[in-house]
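Dumped protein-v6.txt below, it's compact mmCIF, C-alpha atoms:
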```txt
# COMPACT_ATOMS: atom_id res chain seq x y z
CA LEU A 1 101.89 151.74 126.14
CA ASN A 2 103.56 151.77 129.56
CA GLN A 3 106.96 152.28 127.94
CA SER A 4 105.95 154.88 125.36
CA GLY A 5 102.94 156.73 126.75
CA ASN A 6 101.83 157.27 123.15
CA TRP A 7 98.52 155.53 122.58
CA GLU A 8 98.13 156.66 118.95
CA ALA A 9 101.49 155.10 117.98
CA VAL A 10 100.74 151.93 119.94
CA GLN A 11 97.34 151.59 118.27
CA ALA A 12 98.83 152.12 114.80
CA TYR A 13 101.48 149.46 115.49
CA HIS A 14 98.84 147.03 116.77
CA ASN A 15 96.62 147.60 113.72
CA ALA A 16 99.56 146.96 111.38
CA ILE A 17 100.16 143.61 113.09
CA GLN A 18 96.48 142.71 112.62
CA VAL A 19 96.68 143.53 108.90
CA LEU A 20 99.75 141.31 108.56
CA LEU A 21 97.94 138.51 110.38
CA LEU A 22 94.85 138.78 108.17
CA THR A 23 97.05 138.70 105.07
CA HIS A 24 98.51 135.41 106.32
CA LEU A 25 95.04 133.93 106.68
CA SER A 26 94.00 135.00 103.19
CA ILE A 27 97.04 133.71 101.30
CA SER A 28 97.27 130.47 103.28
CA LYS A 29 93.97 129.36 101.68
CA SER A 30 95.31 129.60 98.13
CA GLN A 31 96.41 126.53 96.18
CA GLU A 32 100.12 127.36 96.15
CA PHE A 33 100.35 126.96 99.91
CA GLN A 34 99.00 123.41 100.04
CA GLU A 35 102.43 121.79 99.93
CA VAL A 36 103.68 120.39 103.25
CA GLN A 37 106.97 122.29 103.26
CA LYS A 38 105.26 125.56 102.50
CA ASN A 39 102.68 124.89 105.20
CA LYS A 40 105.47 124.57 107.76
CA VAL A 41 106.96 127.88 106.66
CA ILE A 42 103.66 129.75 106.77
CA LYS A 43 102.95 128.26 110.22
CA ARG A 44 106.32 129.51 111.47
CA SER A 45 105.56 132.94 110.05
CA LEU A 46 102.18 132.97 111.78
CA ASP A 47 103.79 132.04 115.09
CA LEU A 48 106.28 134.89 114.76
CA VAL A 49 103.54 137.40 113.90
CA ASN A 50 101.41 136.24 116.85
CA GLY A 51 104.51 136.64 119.00
CA LEU A 52 104.73 140.29 117.91
CA GLY A 53 101.25 140.87 119.32
CA ASN A 54 102.26 139.37 122.67
CA ALA A 55 105.74 140.89 123.03
CA TRP A 56 106.38 144.26 124.65
CA GLU A 57 110.19 144.26 125.05
CA HIS A 58 111.72 146.30 122.23
CA ASP A 59 114.72 143.97 121.83
CA ARG A 60 112.49 140.93 121.40
CA ILE A 61 110.28 142.75 118.90
CA SER A 62 113.31 143.82 116.87
CA VAL A 63 114.59 140.24 116.73
CA ARG A 64 111.20 138.96 115.53
CA LEU A 65 110.95 141.66 112.86
CA PHE A 66 114.44 140.81 111.59
CA THR A 67 113.62 137.09 111.54
CA LEU A 68 110.42 137.70 109.59
CA ASP A 69 112.19 139.96 107.09
CA THR A 70 114.86 137.31 106.50
CA LEU A 71 112.18 134.61 106.12
CA TYR A 72 110.23 136.60 103.52
CA ARG A 73 113.33 137.55 101.47
CA ASN A 74 114.48 133.91 101.33
CA ARG A 75 111.00 132.56 100.46
CA PRO A 76 109.67 134.11 97.23
CA PHE A 77 106.20 132.64 97.78
CA LEU A 78 105.95 134.85 100.91
CA SER A 79 106.80 138.07 99.07
CA ALA A 80 103.18 139.22 99.33
CA LEU A 81 103.70 139.65 103.06
CA SER A 82 106.72 141.96 102.74
CA PRO A 83 104.72 145.22 102.28
CA GLN A 84 102.66 144.54 105.39
CA LEU A 85 105.81 143.65 107.34
CA ALA A 86 107.39 146.92 106.19
CA GLN A 87 104.35 148.75 107.59
CA VAL A 88 104.75 146.99 110.93
CA SER A 89 108.44 147.89 111.06
CA ALA A 90 107.68 151.52 110.18
CA LYS A 91 105.01 151.80 112.87
CA PHE A 92 107.35 150.24 115.41
CA GLU A 93 110.08 152.73 114.49
CA VAL A 94 107.64 155.61 114.95
CA LEU A 95 106.67 154.13 118.31
CA GLN A 96 110.31 154.05 119.42
CA GLN A 97 111.02 157.59 118.29
CA ASN A 98 107.91 159.17 119.84
CA THR A 99 107.85 158.23 123.49
CA HIS A 100 105.92 160.46 125.90
CA THR A 101 106.05 158.68 129.24
CA TRP A 102 104.89 161.82 131.07
CA LYS A 103 101.46 161.40 129.47
CA LYS A 104 100.87 158.36 131.68
CA TYR A 105 100.53 160.68 134.67
CA VAL A 106 98.37 163.37 133.10
CA PRO A 107 94.64 162.60 132.66
CA ARG A 108 93.17 163.41 129.29
CA ILE A 109 89.60 164.65 129.29
CA ILE A 110 87.65 164.46 126.04
CA TRP A 111 84.20 166.03 125.87
CA HIS A 112 81.96 164.89 123.03
CA GLY A 113 78.96 166.97 124.06
CA THR A 114 75.70 165.30 124.98
CA GLN A 115 75.85 162.89 122.03
CA ASN A 116 78.10 160.38 123.76
CA GLN A 117 77.46 156.81 124.81
CA TYR A 118 76.84 157.52 128.49
CA HIS A 119 74.43 160.42 127.98
CA LEU A 120 72.51 158.53 125.30
CA TRP A 121 72.21 155.56 127.68
CA LEU A 122 71.15 157.79 130.57
CA ARG A 123 68.58 159.55 128.39
CA GLY A 124 67.15 156.18 127.39
CA ILE A 125 67.00 155.05 131.04
CA LEU A 126 65.00 158.15 132.01
CA LYS A 127 62.57 157.40 129.20
CA GLY A 128 62.32 153.71 130.14
CA ASN A 129 64.27 152.64 127.05
CA PHE A 130 67.07 150.23 127.96
CA GLY A 131 67.89 149.25 124.38
CA ARG A 132 67.57 145.79 122.85
CA SER A 133 68.70 142.44 124.15
CA TYR A 134 71.65 140.91 122.29
CA ARG A 135 70.26 137.42 122.89
CA SER A 136 66.58 137.74 121.95
CA GLY A 137 66.55 140.97 119.95
CA GLN A 138 63.53 142.18 121.95
CA PRO A 139 63.33 145.62 123.57
CA ILE A 140 64.63 145.14 127.09
CA SER A 141 61.73 147.07 128.63
CA GLN A 142 59.30 144.63 127.03
CA ARG A 143 61.38 141.63 128.08
CA ILE A 144 61.59 142.81 131.68
CA GLY A 145 57.86 143.52 131.68
CA ASP A 146 57.13 139.92 130.65
CA LEU A 147 59.37 138.39 133.34
CA PHE A 148 59.08 140.87 136.20
CA PHE A 149 55.55 139.73 137.16
CA TRP A 150 56.67 136.21 138.10
CA SER A 151 59.62 137.26 140.26
CA PHE A 152 57.50 139.98 141.86
CA MET A 153 54.58 137.72 142.76
CA ILE A 154 56.66 134.82 144.08
CA THR A 155 58.93 137.07 146.14
CA LEU A 156 55.99 139.08 147.48
CA ILE A 157 54.03 135.98 148.56
CA SER A 158 57.16 134.43 150.05
CA VAL A 159 58.00 137.53 152.10
CA PHE A 160 54.37 137.89 153.24
CA LEU A 161 54.27 134.29 154.44
CA ALA A 162 57.65 134.63 156.13
CA TYR A 163 56.59 137.70 158.13
CA VAL A 164 53.16 136.29 159.01
CA ILE A 165 54.71 133.06 160.32
CA SER A 166 57.99 134.26 161.83
CA LEU A 167 56.82 137.31 163.81
CA PRO A 168 54.31 135.40 166.01
CA LEU A 169 56.82 132.57 166.46
CA GLY A 170 59.55 134.99 167.55
CA ILE A 171 57.21 136.77 169.98
CA LEU A 172 55.98 133.49 171.48
CA ALA A 173 59.55 132.19 171.84
CA ALA A 174 60.49 135.37 173.72
CA ARG A 175 57.30 135.20 175.79
CA PHE A 176 58.02 131.62 176.89
CA GLN A 177 61.79 131.85 177.05
CA GLY A 178 63.40 128.66 178.28
CA SER A 179 60.26 126.55 177.84
CA MET A 180 60.06 123.36 175.80
CA PHE A 181 58.41 125.32 172.98
CA ASP A 182 61.29 127.83 172.93
CA ARG A 183 63.98 125.12 172.91
CA VAL A 184 62.32 123.08 170.16
CA LEU A 185 61.66 126.19 168.05
CA THR A 186 65.25 127.38 168.45
CA LEU A 187 66.56 123.97 167.37
CA VAL A 188 64.26 123.86 164.33
CA VAL A 189 65.10 127.43 163.34
CA PHE A 190 68.86 126.84 163.53
CA ALA A 191 68.47 123.65 161.49
CA LEU A 192 66.45 125.40 158.78
CA ASP A 193 68.81 128.37 158.67
CA SER A 194 71.77 126.04 158.02
CA LEU A 195 70.22 124.31 154.98
CA PRO A 196 71.29 125.70 151.58
CA GLU A 197 68.46 126.78 149.28
CA PHE A 198 69.64 124.78 146.27
CA TRP A 199 69.85 121.59 148.39
CA VAL A 200 66.34 122.06 149.83
CA ALA A 201 64.94 122.86 146.38
CA THR A 202 66.49 119.72 144.90
CA LEU A 203 65.27 117.63 147.84
CA LEU A 204 61.72 118.95 147.38
CA LEU A 205 61.75 118.04 143.70
CA VAL A 206 63.18 114.58 144.29
CA THR A 207 60.67 113.86 147.07
CA PHE A 208 57.41 115.53 146.07
CA ALA A 209 57.70 115.77 142.28
CA ASN A 210 59.07 112.29 141.63
CA PRO A 211 56.76 109.55 140.21
CA ASP A 212 58.88 106.96 142.01
CA VAL A 213 58.38 108.58 145.45
CA LEU A 214 55.55 111.11 145.86
CA ASP A 215 54.15 112.56 142.66
CA TRP A 216 52.19 115.34 144.36
CA PHE A 217 53.36 118.41 142.45
CA PRO A 218 54.59 119.12 138.89
CA ALA A 219 58.35 119.27 138.54
CA THR A 220 58.52 122.11 136.01
CA PHE A 221 56.81 125.38 135.34
CA ASN A 222 54.11 125.49 132.68
CA THR A 223 55.23 128.17 130.24
CA VAL A 224 52.54 127.15 127.72
CA SER A 225 49.94 128.87 129.88
CA MET A 226 51.63 132.19 129.19
CA GLY A 227 49.92 132.46 125.85
CA ARG A 228 48.39 135.45 124.17
CA ASP A 229 44.89 134.49 125.31
CA GLN A 230 45.85 134.61 129.01
CA SER A 231 46.83 137.52 131.21
CA SER A 232 49.76 137.26 133.61
CA LEU A 233 47.38 136.88 136.55
CA GLU A 234 45.44 134.09 134.83
CA ALA A 235 48.67 132.29 133.99
CA PHE A 236 49.79 132.71 137.60
CA MET A 237 46.56 131.20 138.93
CA SER A 238 46.83 128.27 136.53
CA ASN A 239 50.32 127.55 137.89
CA LEU A 240 49.46 127.64 141.60
CA SER A 241 50.11 123.93 142.09
CA ARG A 242 53.50 124.34 140.40
CA LEU A 243 54.42 127.20 142.75
CA VAL A 244 53.98 125.29 146.02
CA LEU A 245 57.48 123.80 146.06
CA PRO A 246 59.20 127.03 144.91
CA LEU A 247 57.38 128.99 147.61
CA ILE A 248 58.54 126.53 150.27
CA ALA A 249 62.12 126.85 149.03
CA TYR A 250 61.81 130.64 148.94
CA THR A 251 60.19 130.98 152.37
CA TYR A 252 61.80 128.55 154.84
CA GLY A 253 65.10 130.46 155.05
CA ARG A 254 63.37 133.78 155.62
CA ILE A 255 61.18 132.26 158.35
CA ALA A 256 64.22 130.90 160.16
CA PHE A 257 66.14 134.17 159.91
CA LEU A 258 63.25 136.46 160.90
CA THR A 259 62.21 134.23 163.79
CA ARG A 260 65.70 134.37 165.28
CA ILE A 261 65.89 138.15 164.81
CA MET A 262 62.43 138.69 166.30
CA ARG A 263 63.14 136.52 169.33
CA ALA A 264 66.52 138.13 170.05
CA SER A 265 65.12 141.64 169.63
CA MET A 266 62.13 140.95 171.88
CA LEU A 267 64.34 139.49 174.61
CA GLU A 268 66.51 142.60 174.51
CA VAL A 269 63.53 144.97 174.69
CA VAL A 270 61.68 143.20 177.52
CA ARG A 271 64.66 143.86 179.80
CA GLN A 272 64.25 147.64 179.45
CA ASP A 273 63.04 149.80 182.34
CA TYR A 274 59.83 150.94 180.67
CA ILE A 275 58.74 147.29 180.34
CA ARG A 276 59.29 146.80 184.08
CA THR A 277 57.24 149.93 184.69
CA ALA A 278 54.41 148.60 182.53
CA ARG A 279 54.43 145.34 184.47
CA ALA A 280 54.40 147.25 187.77
CA LYS A 281 51.27 149.07 186.60
CA GLY A 282 49.53 145.72 186.26
CA LEU A 283 49.35 145.48 182.45
CA SER A 284 48.96 141.98 181.01
CA SER A 285 51.94 140.25 179.44
CA THR A 286 50.19 140.07 176.08
CA ARG A 287 49.50 143.80 176.03
CA ILE A 288 53.05 144.60 177.12
CA LEU A 289 54.56 142.44 174.36
CA LEU A 290 52.29 143.50 171.51
CA ARG A 291 51.72 147.16 172.32
CA HIS A 292 54.91 148.29 174.03
CA ALA A 293 57.74 145.87 173.29
CA PHE A 294 56.91 144.92 169.71
CA ARG A 295 57.24 148.44 168.26
CA ASN A 296 60.82 148.86 169.47
CA ALA A 297 61.70 145.24 168.76
CA SER A 298 60.51 145.60 165.17
CA LEU A 299 63.35 147.93 164.14
CA PRO A 300 65.71 145.06 163.08
CA ILE A 301 62.80 143.50 161.20
CA ILE A 302 62.23 146.77 159.33
CA THR A 303 65.90 146.84 158.39
CA GLY A 304 65.52 143.40 156.80
CA PHE A 305 62.37 144.58 155.05
CA ALA A 306 64.48 146.98 152.96
CA SER A 307 66.09 144.01 151.18
CA LEU A 308 62.68 143.04 149.78
CA PHE A 309 62.65 145.69 147.08
CA PRO A 310 65.76 144.67 145.08
CA MET A 311 64.61 141.04 145.36
CA LEU A 312 61.35 141.99 143.65
CA VAL A 313 63.36 142.93 140.57
CA GLY A 314 66.20 140.40 140.71
CA GLY A 315 64.31 137.33 141.88
CA SER A 316 66.38 134.27 142.79
CA ILE A 317 68.89 133.06 140.23
CA ILE A 318 69.36 129.61 141.78
CA LEU A 319 65.73 128.76 142.58
CA GLU A 320 64.30 130.06 139.31
CA ASN A 321 66.74 127.90 137.38
CA ILE A 322 66.01 124.81 139.49
CA PHE A 323 62.22 125.18 139.15
CA THR A 324 62.38 126.63 135.58
CA ILE A 325 60.41 129.72 136.61
CA PRO A 326 60.43 132.31 133.79
CA GLY A 327 61.45 135.18 136.09
CA MET A 328 64.14 137.81 136.31
CA GLY A 329 66.60 135.59 138.18
CA ARG A 330 66.70 133.07 135.37
CA GLU A 331 66.99 135.88 132.81
CA ILE A 332 69.99 137.37 134.66
CA TYR A 333 71.66 133.95 134.69
CA GLN A 334 71.21 133.53 130.94
CA ALA A 335 72.25 137.11 130.22
CA ILE A 336 75.53 136.66 132.10
CA PHE A 337 76.42 133.47 130.24
CA THR A 338 75.51 134.94 126.83
CA GLN A 339 77.19 138.29 127.63
CA ASP A 340 73.95 140.17 127.03
CA ILE A 341 75.39 143.47 128.28
CA PRO A 342 72.28 145.70 127.76
CA MET A 343 70.12 143.29 129.76
CA ILE A 344 72.69 143.06 132.57
CA MET A 345 73.04 146.85 132.71
CA ALA A 346 69.26 147.34 132.80
CA VAL A 347 68.62 144.78 135.53
CA PHE A 348 71.37 145.97 137.84
CA THR A 349 70.35 149.60 137.31
CA LEU A 350 66.83 148.71 138.43
CA ILE A 351 68.18 146.69 141.38
CA GLY A 352 70.27 149.68 142.46
CA PHE A 353 67.28 152.00 142.22
CA MET A 354 65.08 149.61 144.21
CA THR A 355 67.80 149.23 146.86
CA VAL A 356 67.85 152.99 147.45
CA PHE A 357 64.04 153.03 147.45
CA GLY A 358 64.02 150.20 150.02
CA TYR A 359 66.31 152.19 152.34
CA LEU A 360 63.97 155.18 152.04
CA VAL A 361 60.93 153.05 152.92
CA SER A 362 62.72 151.50 155.91
CA ASP A 363 63.67 154.96 157.21
CA ILE A 364 60.04 156.05 157.01
CA LEU A 365 58.93 152.90 158.81
CA TYR A 366 61.46 153.59 161.58
CA VAL A 367 59.65 156.84 162.37
CA ILE A 368 56.25 155.14 162.27
CA ALA A 369 57.40 152.35 164.59
CA ASN A 370 59.22 154.67 166.99
CA PRO A 371 58.21 158.38 166.86
CA ARG A 372 61.26 159.27 168.97
CA ILE A 373 63.44 158.71 165.90
CA LYS A 374 63.98 162.06 164.15
CA PHE A 375 65.85 162.78 160.92
CA THR A 376 66.85 166.28 161.97
CA ASN A 377 69.46 167.97 164.13
CA ARG A 378 66.89 170.05 165.92
CA PRO A 379 66.00 168.91 169.49
```

Would you mind writing the file out in structure tokens?
Amino acid sequence: LNQSGNWEAVQAYHNAIQVLLLTHLSISKSQEFQEVQKNKVIKRSLDLVNGLGNAWEHDRISVRLFTLDTLYRNRPFLSALSPQLAQVSAKFEVLQQNTHTWKKYVPRIIWHGTQNQYHLWLRGILKGNFGRSYRSGQPISQRIGDLFFWSFMITLISVFLAYVISLPLGILAARFQGSMFDRVLTLVVFALDSLPEFWVATLLLVTFANPDVLDWFPATFNTVSMGRDQSSLEAFMSNLSRLVLPLIAYTYGRIAFLTRIMRASMLEVVRQDYIRTARAKGLSSTRILLRHAFRNASLPIITGFASLFPMLVGGSIILENIFTIPGMGREIYQAIFTQDIPMIMAVFTLIGFMTVFGYLVSDILYVIANPRIKFTNRP
């Protein structure tokens, strides 16, 4: 294609090679080709034909075509392949005689109206119809509806716990900067932030879901409870004991990250002039931190909050596979390995939409946290 610039001729030549190859496969199964000597000849012919499909230099292609023609004329039992070889040679000659290299530099726009693959896909997306999964055969909207609840609930609870725990810890660490509490908390937070999720998840299973150590929690998720006689919420409540370890694995990293961000942001804000003014007026340290400093220090936390929304859809691929949680993360993992293209397209489309929505929510929260932020050029 790079040498000729003529896609139609290249495609016709390629199709002729495929026909010749298929003819080899059909005649090689007949009884007359069972002899050893004939098997060697047919194998050599197959190698030469496969070489045609991989060669792009015209001289090498011409040599292979000549070799195949000589082989077929000298072997009567291969005469059935001669017509297909003649077609390949004819298509190759047309390819040589009709080169249009200038076409490589001129884009070709083809408009098929609204009944094309992209517009049909986009129309289905707007209607909530993502097609059918190649792997399960189910409508993708139904499949996502069944799995979305679990990723949504686990991520939501994990983020809620992380914010509830990390924000007070970060404020207290900034309030008592340099104290024993601050030094110990900083050490613990750095240690937690350095531990990989998959390692912590495996350690939790080996320690707390192991009959030989501490058999406190179930090791796997109970998918039987997701029967027709139970709603998603009832199934979730029946699996609470099985969600303790996943929630710990989900939450510890967020707590460490948010605590560090909150502490650093608070320390930066408390050095501002308006905080000194508030202290000079005699306000208590608690009121200064919670009412004046926290609102400005929360801006980095709000930025991290925007990442929550795509996680609600995508879940966690690693943790859901380790704990066998029937959520979106595990479904994405299986879809990638089985090349379930409609499912992959649907999930990443939703993740993209939720990412944009998360940025919108964070921008709104910026204004609520700090009214001085304006999204306009007017003074």

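Comparing A:Val159, A:Leu95, A:Leu187, A:Ala201 by their smallest distance to Met311 (chain A), the closest is A:Val159 (using all atoms listed in the file).
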
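Distance-wise, CA of Thr202 (chain A) and CA of Arg254 (chain A) end up 18.0 Å apart.
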
| task | Calculate how many Å separate CA of Thr355 (chain A) from CA of Leu122 (chain A), rounding to one decimal. | result |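 Between these atoms lies a distance of 18.7 Å.
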
| query | Which is closer to Arg143 (chain A) than all the others in A:Leu267, A:Leu360, A:Ile332, A:Leu185, using all atoms listed in the file? | reply |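 Among A:Leu267, A:Leu360, A:Ile332, A:Leu185, it is A:Ile332 that comes nearest to Arg143 (chain A).
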
Please list as a PDB file with C-alpha atoms, keeping the file's coordinate frame every residue within 10 Å of Ile325 (chain A), counting all atoms listed in the file and excluding residues in the same chain fewer than 2 positions away.
```pdb
ATOM      1  CA  LEU A 147      59.370 138.390 133.340  1.00  0.00           C
ATOM      2  CA  TRP A 150      56.670 136.210 138.100  1.00  0.00           C
ATOM      3  CA  SER A 151      59.620 137.260 140.260  1.00  0.00           C
ATOM      4  CA  ILE A 154      56.660 134.820 144.080  1.00  0.00           C
ATOM      5  CA  THR A 220      58.520 122.110 136.010  1.00  0.00           C
ATOM      6  CA  PHE A 221      56.810 125.380 135.340  1.00  0.00           C
ATOM      7  CA  ASN A 222      54.110 125.490 132.680  1.00  0.00           C
ATOM      8  CA  THR A 223      55.230 128.170 130.240  1.00  0.00           C
ATOM      9  CA  ARG A 242      53.500 124.340 140.400  1.00  0.00           C
ATOM     10  CA  LEU A 243      54.420 127.200 142.750  1.00  0.00           C
ATOM     11  CA  PRO A 246      59.200 127.030 144.910  1.00  0.00           C
ATOM     12  CA  SER A 316      66.380 134.270 142.790  1.00  0.00           C
ATOM     13  CA  ILE A 317      68.890 133.060 140.230  1.00  0.00           C
ATOM     14  CA  LEU A 319      65.730 128.760 142.580  1.00  0.00           C
ATOM     15  CA  GLU A 320      64.300 130.060 139.310  1.00  0.00           C
ATOM     16  CA  ASN A 321      66.740 127.900 137.380  1.00  0.00           C
ATOM     17  CA  ILE A 322      66.010 124.810 139.490  1.00  0.00           C
ATOM     18  CA  PHE A 323      62.220 125.180 139.150  1.00  0.00           C
ATOM     19  CA  GLY A 327      61.450 135.180 136.090  1.00  0.00           C
ATOM     20  CA  MET A 328      64.140 137.810 136.310  1.00  0.00           C
ATOM     21  CA  GLY A 329      66.600 135.590 138.180  1.00  0.00           C
ATOM     22  CA  ARG A 330      66.700 133.070 135.370  1.00  0.00           C
ATOM     23  CA  GLU A 331      66.990 135.880 132.810  1.00  0.00           C
TER      24      GLU A 331
END
```

| said: For a quick check of your reading of the model, name the residues lying within 12 Å of the coordinate (107.1, 152.4, 115.9), counting only C-alpha atoms, and write them as JSON, numbers by chain. | reply: {"A": [1, 4, 6, 7, 8, 9, 10, 11, 12, 13, 14, 15, 16, 17, 56, 58, 61, 62, 65, 86, 87, 88, 89, 90, 91, 92, 93, 94, 95, 96, 97, 98, 99]}

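If you look at CA of Arg183 (chain A) and CA of Arg295 (chain A), they are 24.7 Å away from each other.
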
Can I get the residues of region 295-320 of chain A within 9 Å of region 365-368 of chain A, each with the closest pair of atoms and their distance in Å to one decimal, using all atoms listed in the file, sorted chain first then ascending number, as a tab-separated table?
```
residue	atom	partner	partner_atom	distance
A:Ser298	CA	A:Tyr366	CA	8.8
A:Leu299	CA	A:Tyr366	CA	6.5
A:Ile302	CA	A:Leu365	CA	7.0
A:Thr303	CA	A:Tyr366	CA	8.7
```

| field | Spatial neighbours of Leu205 (chain A), 9 Å, all atoms listed in the file, chain gap at least 6 places, as a ChimeraX atom specification | value | /A:217-219,245,323

| Of the residues A:Ser45, A:Ser265, A:Ser158, A:Gln115, which is the one nearest to Thr70 (chain A), using only C-alpha atoms? | A:Ser45

| message | Between A:Ile318, A:Ala264, A:Asp182, A:Ser285, which residue has the minimum interatomic distance to Trp199 (chain A), considering all atoms listed in the file? | response |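 Answer, going by the shortest atom-to-atom distance: A:Ile318.
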
Neighbour list for Thr349 (chain A) as a compact mmCIF listing (two decimals) with C-alpha atoms, in the coordinates of the input, cut-off 12 Å, all atoms listed in the file, skip fewer than 4 positions in-chain:
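Okay, part_21.txt is ready:
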```
# COMPACT_ATOMS: atom_id res chain seq x y z
CA TRP A 121 72.21 155.56 127.68
CA LEU A 122 71.15 157.79 130.57
CA ILE A 125 67.00 155.05 131.04
CA LEU A 126 65.00 158.15 132.01
CA GLY A 128 62.32 153.71 130.14
CA PHE A 130 67.07 150.23 127.96
CA PRO A 310 65.76 144.67 145.08
CA VAL A 313 63.36 142.93 140.57
CA GLY A 314 66.20 140.40 140.71
CA PRO A 342 72.28 145.70 127.76
CA MET A 343 70.12 143.29 129.76
CA ILE A 344 72.69 143.06 132.57
CA MET A 345 73.04 146.85 132.71
CA PHE A 353 67.28 152.00 142.22
CA MET A 354 65.08 149.61 144.21
CA THR A 355 67.80 149.23 146.86
CA VAL A 356 67.85 152.99 147.45
```

| said: Counting all atoms listed in the file, which residue out of A:Ala335, A:Leu48, A:Leu312, A:Ala174 sits closest to Gly352 (chain A)? | reply: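 Among the listed residues, the smallest separation from Gly352 (chain A) belongs to A:Leu312.
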
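Among the candidates A:Asn54, A:Leu20, A:Gln272, A:Asp47, the residue lying nearest to Pro83 (chain A) is A:Leu20 (atoms considered: all atoms listed in the file).
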